[in-house]
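Dropping coords_5.cif in here (mmCIF, C-alpha atoms and all ligand atoms):
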```cif
data_run
loop_
_atom_site.label_atom_id
_atom_site.label_comp_id
_atom_site.auth_asym_id
_atom_site.auth_seq_id
_atom_site.Cartn_x
_atom_site.Cartn_y
_atom_site.Cartn_z
CA MET R 292 -14.12 -39.41 -33.64
CA PHE R 293 -12.78 -35.87 -33.44
CA ARG R 294 -14.92 -32.80 -32.76
CA ILE R 295 -13.71 -29.21 -33.12
CA GLY R 296 -15.27 -26.16 -31.46
CA ILE R 297 -14.78 -22.41 -31.50
CA GLY R 298 -15.69 -19.74 -28.95
CA ASN R 299 -15.54 -15.98 -28.80
CA ASP R 300 -16.29 -13.52 -25.99
CA THR R 301 -15.99 -9.78 -25.43
CA HIS R 302 -16.45 -7.66 -22.32
CA LYS R 303 -16.50 -3.91 -21.94
CA LEU R 304 -13.72 -2.55 -19.69
CA ILE R 305 -14.87 -0.26 -16.89
CA ALA R 306 -13.46 1.21 -13.68
CA GLY R 307 -14.18 -0.50 -10.38
CA ARG R 308 -14.21 -4.07 -11.70
CA PRO R 309 -11.52 -6.77 -11.48
CA LEU R 310 -9.80 -7.90 -14.67
CA VAL R 311 -9.84 -11.71 -14.56
CA LEU R 312 -8.51 -13.70 -17.52
CA GLY R 313 -7.89 -17.42 -17.53
CA GLY R 314 -8.62 -17.47 -13.79
CA VAL R 315 -5.84 -14.96 -13.07
CA THR R 316 -6.62 -11.54 -11.57
CA ILE R 317 -4.55 -9.06 -13.60
CA PRO R 318 -3.50 -5.78 -11.95
CA SER R 319 -5.35 -3.17 -14.01
CA GLU R 320 -7.16 0.16 -13.59
CA LEU R 321 -10.06 -1.21 -15.64
CA GLY R 322 -11.89 -4.53 -15.38
CA SER R 323 -14.51 -6.56 -17.23
CA GLU R 324 -18.11 -5.44 -16.99
CA GLY R 325 -20.62 -8.19 -16.25
CA HIS R 326 -21.75 -10.72 -13.67
CA SER R 327 -19.39 -12.76 -11.53
CA ASP R 328 -15.74 -12.68 -12.61
CA SER R 329 -16.54 -11.89 -16.28
CA ASP R 330 -13.54 -13.94 -17.44
CA ALA R 331 -13.65 -13.54 -21.24
CA LEU R 332 -11.07 -16.29 -21.83
CA ALA R 333 -12.96 -18.82 -19.70
CA HIS R 334 -16.22 -17.85 -21.42
CA ALA R 335 -14.70 -18.34 -24.90
CA LEU R 336 -13.41 -21.77 -23.83
CA ILE R 337 -16.84 -22.75 -22.47
CA ASP R 338 -18.43 -21.90 -25.83
CA ALA R 339 -15.68 -23.78 -27.67
CA VAL R 340 -16.26 -26.99 -25.67
CA LEU R 341 -20.04 -26.66 -26.03
CA GLY R 342 -19.60 -25.92 -29.74
CA ALA R 343 -17.50 -29.05 -30.27
CA MET R 344 -20.35 -31.06 -28.75
CA ALA R 345 -23.06 -29.15 -30.69
CA ASP R 346 -24.48 -28.66 -27.19
CA GLY R 347 -25.76 -25.08 -27.22
CA ASP R 348 -23.90 -22.12 -25.78
CA ILE R 349 -22.99 -20.45 -22.50
CA GLY R 350 -26.23 -18.46 -22.34
CA LEU R 351 -28.29 -21.64 -22.67
CA HIS R 352 -26.44 -23.55 -19.94
CA PHE R 353 -25.75 -20.70 -17.52
CA PRO R 354 -28.58 -18.14 -17.80
CA ASP R 355 -28.30 -15.05 -15.58
CA THR R 356 -31.79 -15.94 -14.33
CA ASN R 357 -30.66 -19.23 -12.74
CA PRO R 358 -29.56 -18.46 -9.15
CA LYS R 359 -27.30 -21.53 -9.17
CA TRP R 360 -24.97 -19.89 -11.70
CA LYS R 361 -25.64 -16.20 -11.00
CA ASP R 362 -22.31 -15.49 -9.30
CA ALA R 363 -20.58 -18.71 -10.29
CA ASP R 364 -16.87 -18.81 -10.87
CA SER R 365 -16.23 -19.09 -14.62
CA PHE R 366 -13.86 -22.00 -14.04
CA ALA R 367 -16.59 -23.94 -12.23
CA MET R 368 -18.67 -23.46 -15.38
CA LEU R 369 -15.77 -24.49 -17.64
CA ALA R 370 -15.17 -27.64 -15.58
CA HIS R 371 -18.93 -28.34 -15.68
CA VAL R 372 -19.08 -28.28 -19.50
CA MET R 373 -15.94 -30.42 -19.76
CA ARG R 374 -17.56 -33.00 -17.46
CA ARG R 375 -20.58 -32.96 -19.84
CA ALA R 376 -18.24 -33.77 -22.74
CA GLU R 377 -16.50 -36.48 -20.72
CA ALA R 378 -19.87 -38.01 -19.87
CA ARG R 379 -20.25 -38.56 -23.63
CA GLY R 380 -16.84 -40.26 -23.80
CA PHE R 381 -14.80 -37.28 -25.01
CA HIS R 382 -11.50 -35.92 -23.76
CA LEU R 383 -9.65 -32.78 -24.77
CA VAL R 384 -6.84 -33.17 -27.32
CA ASN R 385 -5.76 -29.53 -27.23
CA ALA R 386 -7.02 -25.99 -26.76
CA ASP R 387 -5.65 -22.81 -28.30
CA ALA R 388 -6.72 -19.28 -27.40
CA THR R 389 -5.92 -15.65 -28.13
CA ILE R 390 -6.69 -12.77 -25.77
CA MET R 391 -7.13 -9.33 -27.33
CA LEU R 392 -6.26 -6.60 -24.80
CA GLU R 393 -4.50 -3.27 -25.28
CA ARG R 394 -3.05 -3.05 -21.76
CA PRO R 395 -1.55 -4.23 -19.49
CA LYS R 396 0.84 -6.72 -21.06
CA LEU R 397 -0.18 -10.28 -20.18
CA ARG R 398 3.03 -12.21 -20.83
CA GLU R 399 3.91 -12.84 -17.16
CA PHE R 400 0.42 -14.22 -16.44
CA ILE R 401 0.12 -16.66 -19.36
CA SER R 402 1.70 -19.68 -17.64
CA SER R 403 -0.71 -19.40 -14.67
CA MET R 404 -3.66 -19.16 -17.07
CA ARG R 405 -2.50 -22.34 -18.85
CA VAL R 406 -2.26 -24.21 -15.54
CA ASN R 407 -5.80 -23.13 -14.55
CA ILE R 408 -7.26 -24.06 -17.93
CA ALA R 409 -5.48 -27.42 -18.09
CA ARG R 410 -6.84 -28.31 -14.66
CA ALA R 411 -10.43 -27.46 -15.64
CA LEU R 412 -10.13 -29.35 -18.95
CA ASN R 413 -8.44 -32.34 -17.31
CA VAL R 414 -5.30 -32.31 -19.47
CA ASP R 415 -1.58 -31.63 -19.20
CA GLY R 416 -0.51 -28.00 -19.51
CA SER R 417 1.31 -28.82 -22.76
CA CYS R 418 -2.14 -29.29 -24.38
CA VAL R 419 -3.20 -25.70 -23.66
CA SER R 420 -1.96 -22.61 -25.52
CA VAL R 421 -2.78 -19.00 -24.59
CA LYS R 422 -1.57 -16.09 -26.68
CA ALA R 423 -2.05 -12.35 -26.21
CA LYS R 424 -2.34 -9.57 -28.77
CA THR R 425 -3.17 -5.88 -28.70
CA GLY R 426 -5.57 -4.07 -31.01
CA GLU R 427 -2.78 -1.85 -32.37
CA GLY R 428 -4.70 1.23 -31.25
CA LEU R 429 -7.63 0.35 -33.53
CA ASP R 430 -11.23 -0.69 -32.72
CA ALA R 431 -12.70 -1.05 -29.20
CA VAL R 432 -9.86 -3.30 -28.00
CA GLY R 433 -7.25 -0.93 -29.40
CA ARG R 434 -8.88 2.05 -27.67
CA GLY R 435 -8.70 0.16 -24.36
CA GLU R 436 -12.50 -0.07 -24.11
CA ALA R 437 -12.86 -3.86 -24.36
CA VAL R 438 -11.20 -7.20 -23.80
CA SER R 439 -11.99 -10.15 -26.02
CA ALA R 440 -10.91 -13.74 -26.34
CA GLN R 441 -11.08 -16.42 -29.00
CA ALA R 442 -10.68 -20.11 -28.28
CA ILE R 443 -10.64 -23.31 -30.29
CA VAL R 444 -10.67 -26.83 -28.88
CA LEU R 445 -10.32 -30.33 -30.29
CA LEU R 446 -12.08 -33.19 -28.54
CA SER R 447 -11.63 -36.88 -29.22
CA ASN R 448 -13.77 -39.90 -28.48
CA ASP R 449 -11.56 -42.95 -28.71
CA ALA R 450 -14.53 -45.28 -28.65
CA SER R 451 -16.02 -44.30 -32.00
ZN ZN Z 501 -18.25 -13.34 -21.06
#
```
What is this file in structure tokens?
Ligand SMILES: [Zn+2]
Amino acid sequence: MFRIGIGNDTHKLIAGRPLVLGGVTIPSELGSEGHSDSDALAHALIDAVLGAMADGDIGLHFPDTNPKWKDADSFAMLAHVMRRAEARGFHLVNADATIMLERPKLREFISSMRVNIARALNVDGSCVSVKAKTGEGLDAVGRGEAVSAQAIVLLSNDAS
């Protein structure tokens, strides 16, 4: 059986915060507002895996109010949801993602992001795609006020 899932996440960009995407800290004057590392790409992937399982969303599994996850690394959360899927007999077939960010350019960081994601999802790096686009000067991304990420995953359960 195959299961497909989609995830989407946006963070406001503000001064004095790190910009972490796909587990890579990107040199940038502005960073993602929010708790912990506020990694929009990791958060989109978490929702995609949970979505494929029809297993709720990131806010349900990792509420700000739970001290266990309050300052948790986003990749610990991503690995946690993948282990939940694996406990049901699923493995990842592939993941594809797009980051929307006006600046800086992300090209040199993409391969490191893919390695981090593949490790958390327990697959070879060839099964993970990360792409980057700008907002062409339009909308909140285009004005440099936000970073967002979209992710889609395919899971397979060989047993059924
Ligand atoms: Zn987020």
Surrounding residues as a tab-separated table (two decimals) with C-alpha atoms, in the coordinates of the input, ligand ZN 501 (chain Z), max 6 Å, all atoms listed in the file:
```
chain	number	residue	atom	x	y	z
R	300	ASP	CA	-16.29	-13.52	-25.99
R	329	SER	CA	-16.54	-11.89	-16.28
R	330	ASP	CA	-13.54	-13.94	-17.44
R	331	ALA	CA	-13.65	-13.54	-21.24
R	334	HIS	CA	-16.22	-17.85	-21.42
```
Q) Around (-8.0, -6.6, -25.8) in the file's frame, which residues reach within 12 Å when counting only C-alpha atoms? Return as a ChimeraX atom specification? A) /R:300-304,310,312,321-323,331-332,389-397,422-441
Q. Please, what distance in Å, to one decimal, runs between atom CA of Val406 of chain R and atom CA of Gly296 of chain R?
A. 20.7 Å
Q) In Å, how far is it from atom CA of Ala442 of chain R to atom CA of Ala333 of chain R? A)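 Separation between atom CA of Ala442 of chain R and atom CA of Ala333 of chain R: 9.0 Å.
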Q: Would you list the contacts of Glu320 of chain R as a PyMOL selection string, taking every protein, DNA or RNA residue within 9 Å and counting all atoms listed in the file, but skipping same-chain residues closer than 5 positions in sequence?
A: chain R and resi 305-310
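The smallest atom-to-atom distance between Val421 of chain R and any of R:Leu336, R:Ala343, R:Val384, R:Leu351, using all atoms listed in the file, is found for R:Leu336.
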**Q.** Atom-to-atom span, atom CA of Ala386 of chain R and atom CA of Arg405 of chain R, Å
**A.** 9.8 Å
(Q) Which residues are near segment 362-379 of chain R? Cut-off 8 Å, only C-alpha atoms, ignore same chain within fewer than 3 positions. Put them as number ranges by chain. (A) R: 314, 326-330, 333-334, 336-337, 340-341, 344, 353, 358-359, 382, 408, 411-412
(Q) What's around Ile443 of chain R at 7 Å? Count all atoms listed in the file, leave out sequence neighbours fewer than 2 positions away in its own chain, and write the answer as number ranges by chain. (A) R: 296-298, 339, 386-388
(Q) When you count all atoms listed in the file, which of these residues is closest to Ala335 of chain R: R:Thr316, R:Asn407, R:Thr356, R:Asn299? (A)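 Closest candidate: R:Asn299.
Closest approach to Ile317 of chain R among R:Arg294, R:Arg398, R:Lys361, R:His352 is made by R:Arg398 (distances from all atoms listed in the file).
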